[in-house]
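One structure is given below, encoded as structure tokens.
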Amino acid sequence: MYKKIFHSAALFALALAVISVCGCKKAENSGSMPLPVVSAITVVQKDLPWNIEYPAQVAGSLEIQIRAQVGGILQARLYNEGEYVTEGTQLFQIDDKEYKVALDKAKGSLAQAEAEERRTQRTYARMKRLRADNAVSQQDYDNALSAYETAQANVKVAKAGVSDAEINLGYTKVTAPISGIAGKEAQSVGSLISPAGESGFLTTMVQINPLYVNFSMPSRQFEKLSAGFISGQISIGTEEQQDKLAAEQYRRTAAADAPLYVEVLLNNGKIYPEKGKIIFFDSTENTQTSSLAMKAEFANPKNSRALMPGQFVRVRLVGATYKNAILIPSSAVLNTAQGMLAYVIDANDTIVSRPIQAQLQEDMYIVTDGLKAGDRIVSEGLIKVRPGQTVKVQMKPFNAEEPAAPQEQALSQDGRSTALLEEEIEEDEAPDTQALPSAEEAGVPANAAAVQAQSQAPAASAVPVQTPADSAAAPAAASAAVQEAPAADAVSATGK
């Protein structure tokens, strides 16, 4: 019996020893777990070009309706729909037979009035001599004078009738009042035209030099950037360009020399070659969209179709610089229901959650509150760490530079780049017959022009593609730049 008790006690002691050893091993293993490794960067402070992008729509500088001024049968359409036509080009012909007859009748009435004028003039001259000799009564003299004056008035009425008939006859030839793109015909040949009704609408025309680009600026961004411009946080242009911010000076400044200008980003990623200038800045806020309307003017000297009225593009305001901006990469920001957060790593390598306020610029955030230059923050994998956690920090370089141009596009099946193919297509496109001179008009024989075209190889396009900004921000230049809100087409940027 004693042996059984001793055997049981020995087994119990052995079990306690095993449990104690296992517990020690577990404690030893838990104490030696490696710290998680996180990638971190140092917050940078530097001047950053503030290139703000907005969605926009292109419009012609003049968009007019072509309407018939007289009625009749539409005999002919004398232009190609959608082509560029110059001012004065005849577009339509309305049947003019009855208007020619009306002109002949008006000329006949004028001839009758002039003959009557000459007759009454002779009578009046005769009565005037007889009245001097008291050979006729005063009443006969007055009647002759009145008849002559009435005849003179009838001549003027007849001349006006001739002018009216000539104007109506001229209206049968419908000409282009401006130079631009003629639209699709609204009335087909053979239709009866009436100037008073809807049938009088014939087509539209759009002037494409210059072009207007309309876009809107969020009022909240406008307020923030206005405050930044006034405080000096945001500057416009170079020191030499500061005097051009005055209202009158800005209006006279060319777009290429303006301290604040506009670029258009085409749908293929290229930048429209001409710079634009803000010519209108709305003085009131749109209460439905909480934004301010703006309009920029772009030259189109060759009447090209790179920009077309109605086209949707993106515009970039260039010229503003954010001074001493606190910059962090977009991957270092965690968006939550309470706002934006950044994970700061303190001196003990512990994660600290820090709420921030920031604005997106390209692939970086400009921090306006919550961080300072030199802070260490987690740059990647924010969802894998927690506040209060001790980590092992792996610092990575962060160069707050503008995004580099992307690599050349992929090659096509024949080995040529997409950019090269696009340029070849543009070279092969036939220009408007009236927009650009032909080889014969330029004094070059057709054969010689063809040989010269074959001998020239198009160069590949290397226009950098800019990444659109996700947040709409207002140009600080325009915010403080508007000293006066012009009622029509004048806006100015002011440095005061």
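By order of appearance in the structure tokens: chains A, B, ..., then residues from 1 within every chain, and ligands from 1 in the order shown.
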
Exercise. Do you know which residues are at most 12 Å from Lys384 (chain A) counting only C-alpha atoms, after dropping those on the same chain fewer than 5 positions away, and could you put them as a list in words?
Worked result: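 Neighbouring residues, sequence-local ones excluded: Pro36, Val37, Val38, Ser39, Leu334, Tyr343, Ile351, Val378, Ser379, Gln389 and Val391 of chain A.
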
Grab the residues selected above and save them as a PDB file, in the first residue's frame with N, CA and C atoms.
```pdb
ATOM      1  N   PRO A  36       7.733  43.614 -35.212  1.00  0.00           N
ATOM      2  CA  PRO A  36       7.344  43.781 -36.616  1.00  0.00           C
ATOM      3  C   PRO A  36       8.145  44.909 -37.277  1.00  0.00           C
ATOM      4  N   VAL A  37       8.491  44.697 -38.533  1.00  0.00           N
ATOM      5  CA  VAL A  37       9.265  45.688 -39.285  1.00  0.00           C
ATOM      6  C   VAL A  37       8.295  46.540 -40.117  1.00  0.00           C
ATOM      7  N   VAL A  38       8.404  47.852 -40.013  1.00  0.00           N
ATOM      8  CA  VAL A  38       7.562  48.766 -40.787  1.00  0.00           C
ATOM      9  C   VAL A  38       8.443  49.695 -41.608  1.00  0.00           C
ATOM     10  N   SER A  39       7.942  50.066 -42.780  1.00  0.00           N
ATOM     11  CA  SER A  39       8.632  51.041 -43.627  1.00  0.00           C
ATOM     12  C   SER A  39       8.210  52.442 -43.200  1.00  0.00           C
ATOM     13  N   LEU A 334      -4.141  57.387 -43.867  1.00  0.00           N
ATOM     14  CA  LEU A 334      -5.232  56.442 -43.663  1.00  0.00           C
ATOM     15  C   LEU A 334      -6.525  57.243 -43.538  1.00  0.00           C
ATOM     16  N   TYR A 343       0.357  57.569 -38.970  1.00  0.00           N
ATOM     17  CA  TYR A 343       0.975  56.869 -37.853  1.00  0.00           C
ATOM     18  C   TYR A 343       2.394  57.392 -37.671  1.00  0.00           C
ATOM     19  N   ILE A 351       4.238  53.278 -32.193  1.00  0.00           N
ATOM     20  CA  ILE A 351       3.278  53.864 -33.125  1.00  0.00           C
ATOM     21  C   ILE A 351       2.328  54.783 -32.382  1.00  0.00           C
ATOM     22  N   VAL A 378       4.835  56.101 -40.662  1.00  0.00           N
ATOM     23  CA  VAL A 378       4.737  54.841 -41.396  1.00  0.00           C
ATOM     24  C   VAL A 378       4.284  55.158 -42.813  1.00  0.00           C
ATOM     25  N   SER A 379       4.995  54.641 -43.800  1.00  0.00           N
ATOM     26  CA  SER A 379       4.702  54.976 -45.190  1.00  0.00           C
ATOM     27  C   SER A 379       3.963  53.883 -45.936  1.00  0.00           C
ATOM     28  N   GLN A 389       1.887  50.119 -30.534  1.00  0.00           N
ATOM     29  CA  GLN A 389       2.719  48.974 -30.860  1.00  0.00           C
ATOM     30  C   GLN A 389       4.165  49.413 -31.062  1.00  0.00           C
ATOM     31  N   VAL A 391       7.710  48.836 -32.798  1.00  0.00           N
ATOM     32  CA  VAL A 391       8.078  48.267 -34.090  1.00  0.00           C
ATOM     33  C   VAL A 391       9.558  48.473 -34.348  1.00  0.00           C
TER      34      VAL A 391
END
```

Sorted by chain and rising residue number, list the residues of region 199-318 of chain A at most 12 Å from region 358-362 of chain A (counting only C-alpha atoms), each with its closest atom pair and distance in Å to one decimal, as a tab-separated table.
```
residue	atom	partner	partner_atom	distance
A:Gln221	CA	A:Gln359	CA	9.8
A:Lys224	CA	A:Gln359	CA	10.7
A:Leu225	CA	A:Gln359	CA	11.3
A:Arg316	CA	A:Glu362	CA	11.7
```

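Among the candidate residues A:Lys184, A:Gly228, A:Leu317, A:Gly60, the one lying nearest to Glu83 (chain A) is A:Lys184, with distances computed using only C-alpha atoms.
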
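Restricting the calculation to only C-alpha atoms, the smallest distance between Pro34 (chain A) and any of A:Thr390, A:Asn209, A:Ala68, A:Pro259 is found for A:Thr390.
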
For this session: From region 165-316 of chain A, collect each residue whose DSSP state is helix (DSSP H, G or I) and return the set as an NGL selection string.
Result: :A and (165-171 or 198-200 or 219-231 or 239-245 or 247-252 or 255-257)

Problem set entry | Residue among A:Val58, A:Ile377, A:Met217, A:Leu35 lying closest to Ser291 (chain A), counting only C-alpha atoms |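 That would be A:Met217, the residue with the smallest distance to Ser291 (chain A).
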
Considering only C-alpha atoms, return as a short mmCIF file (atom, residue, chain, number, x, y, z; two decimals) with C-alpha atoms, in the first residue's frame whatever protein or nucleic-acid residues lie within 9 Å of region 72-77 of chain A, sequence-local ones (same chain, fewer than 2 positions apart) excluded.
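Written file, part.cif:
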```
data_model
loop_
_atom_site.label_atom_id
_atom_site.label_comp_id
_atom_site.auth_asym_id
_atom_site.auth_seq_id
_atom_site.Cartn_x
_atom_site.Cartn_y
_atom_site.Cartn_z
CA VAL A 70 -36.43 86.12 -96.37
CA TYR A 79 -20.83 74.11 -98.37
CA ASN A 80 -19.75 70.78 -96.92
CA GLN A 90 -22.02 81.61 -99.43
CA LEU A 91 -23.71 78.77 -97.57
CA PHE A 92 -27.25 78.58 -99.02
CA GLN A 93 -29.21 79.90 -101.98
CA ILE A 94 -32.91 80.75 -101.68
CA ASP A 95 -35.09 81.10 -104.77
CA ASP A 96 -34.68 84.75 -105.84
CA GLU A 98 -39.78 87.00 -106.98
CA THR A 172 -31.45 85.09 -100.83
CA GLU A 185 -27.96 71.69 -92.35
CA GLN A 187 -33.39 72.36 -93.65
CA SER A 188 -32.95 70.20 -96.72
CA VAL A 189 -32.89 71.53 -100.27
CA GLY A 190 -36.43 72.05 -101.60
CA SER A 191 -37.93 73.06 -98.27
CA LEU A 192 -40.09 76.15 -97.99
CA ILE A 193 -38.30 78.67 -95.80
CA SER A 194 -40.11 81.20 -93.62
#
```

Would you list the contacts of Ile178 (chain A) as a short mmCIF file (atom, residue, chain, number, x, y, z; two decimals) with N, CA and C atoms, in the first residue's frame, taking every protein, DNA or RNA residue within 8 Å and counting only C-alpha atoms, but skipping same-chain residues closer than 4 positions in sequence?
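Result saved to out-v2.cif:
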```
data_model
loop_
_atom_site.label_atom_id
_atom_site.label_comp_id
_atom_site.auth_asym_id
_atom_site.auth_seq_id
_atom_site.Cartn_x
_atom_site.Cartn_y
_atom_site.Cartn_z
N THR A 86 -14.62 80.43 -94.40
CA THR A 86 -14.20 81.79 -94.07
C THR A 86 -15.39 82.74 -94.12
N GLU A 87 -15.23 83.86 -93.49
CA GLU A 87 -16.29 84.86 -93.47
C GLU A 87 -16.62 85.32 -94.89
N GLY A 88 -17.92 85.42 -95.18
CA GLY A 88 -18.37 85.85 -96.50
C GLY A 88 -18.65 84.72 -97.47
N MET A 205 -22.86 77.93 -86.75
CA MET A 205 -21.44 78.14 -87.00
C MET A 205 -20.74 78.38 -85.67
N GLN A 207 -16.98 79.62 -84.09
CA GLN A 207 -15.63 80.19 -84.30
C GLN A 207 -14.66 79.47 -83.37
#
```

Problem set entry | Who sits within 8 Å of Gly370 (chain A), only C-alpha atoms, same chain under 4 positions skipped, as a PyMOL selection string | chain A and resi 354-357
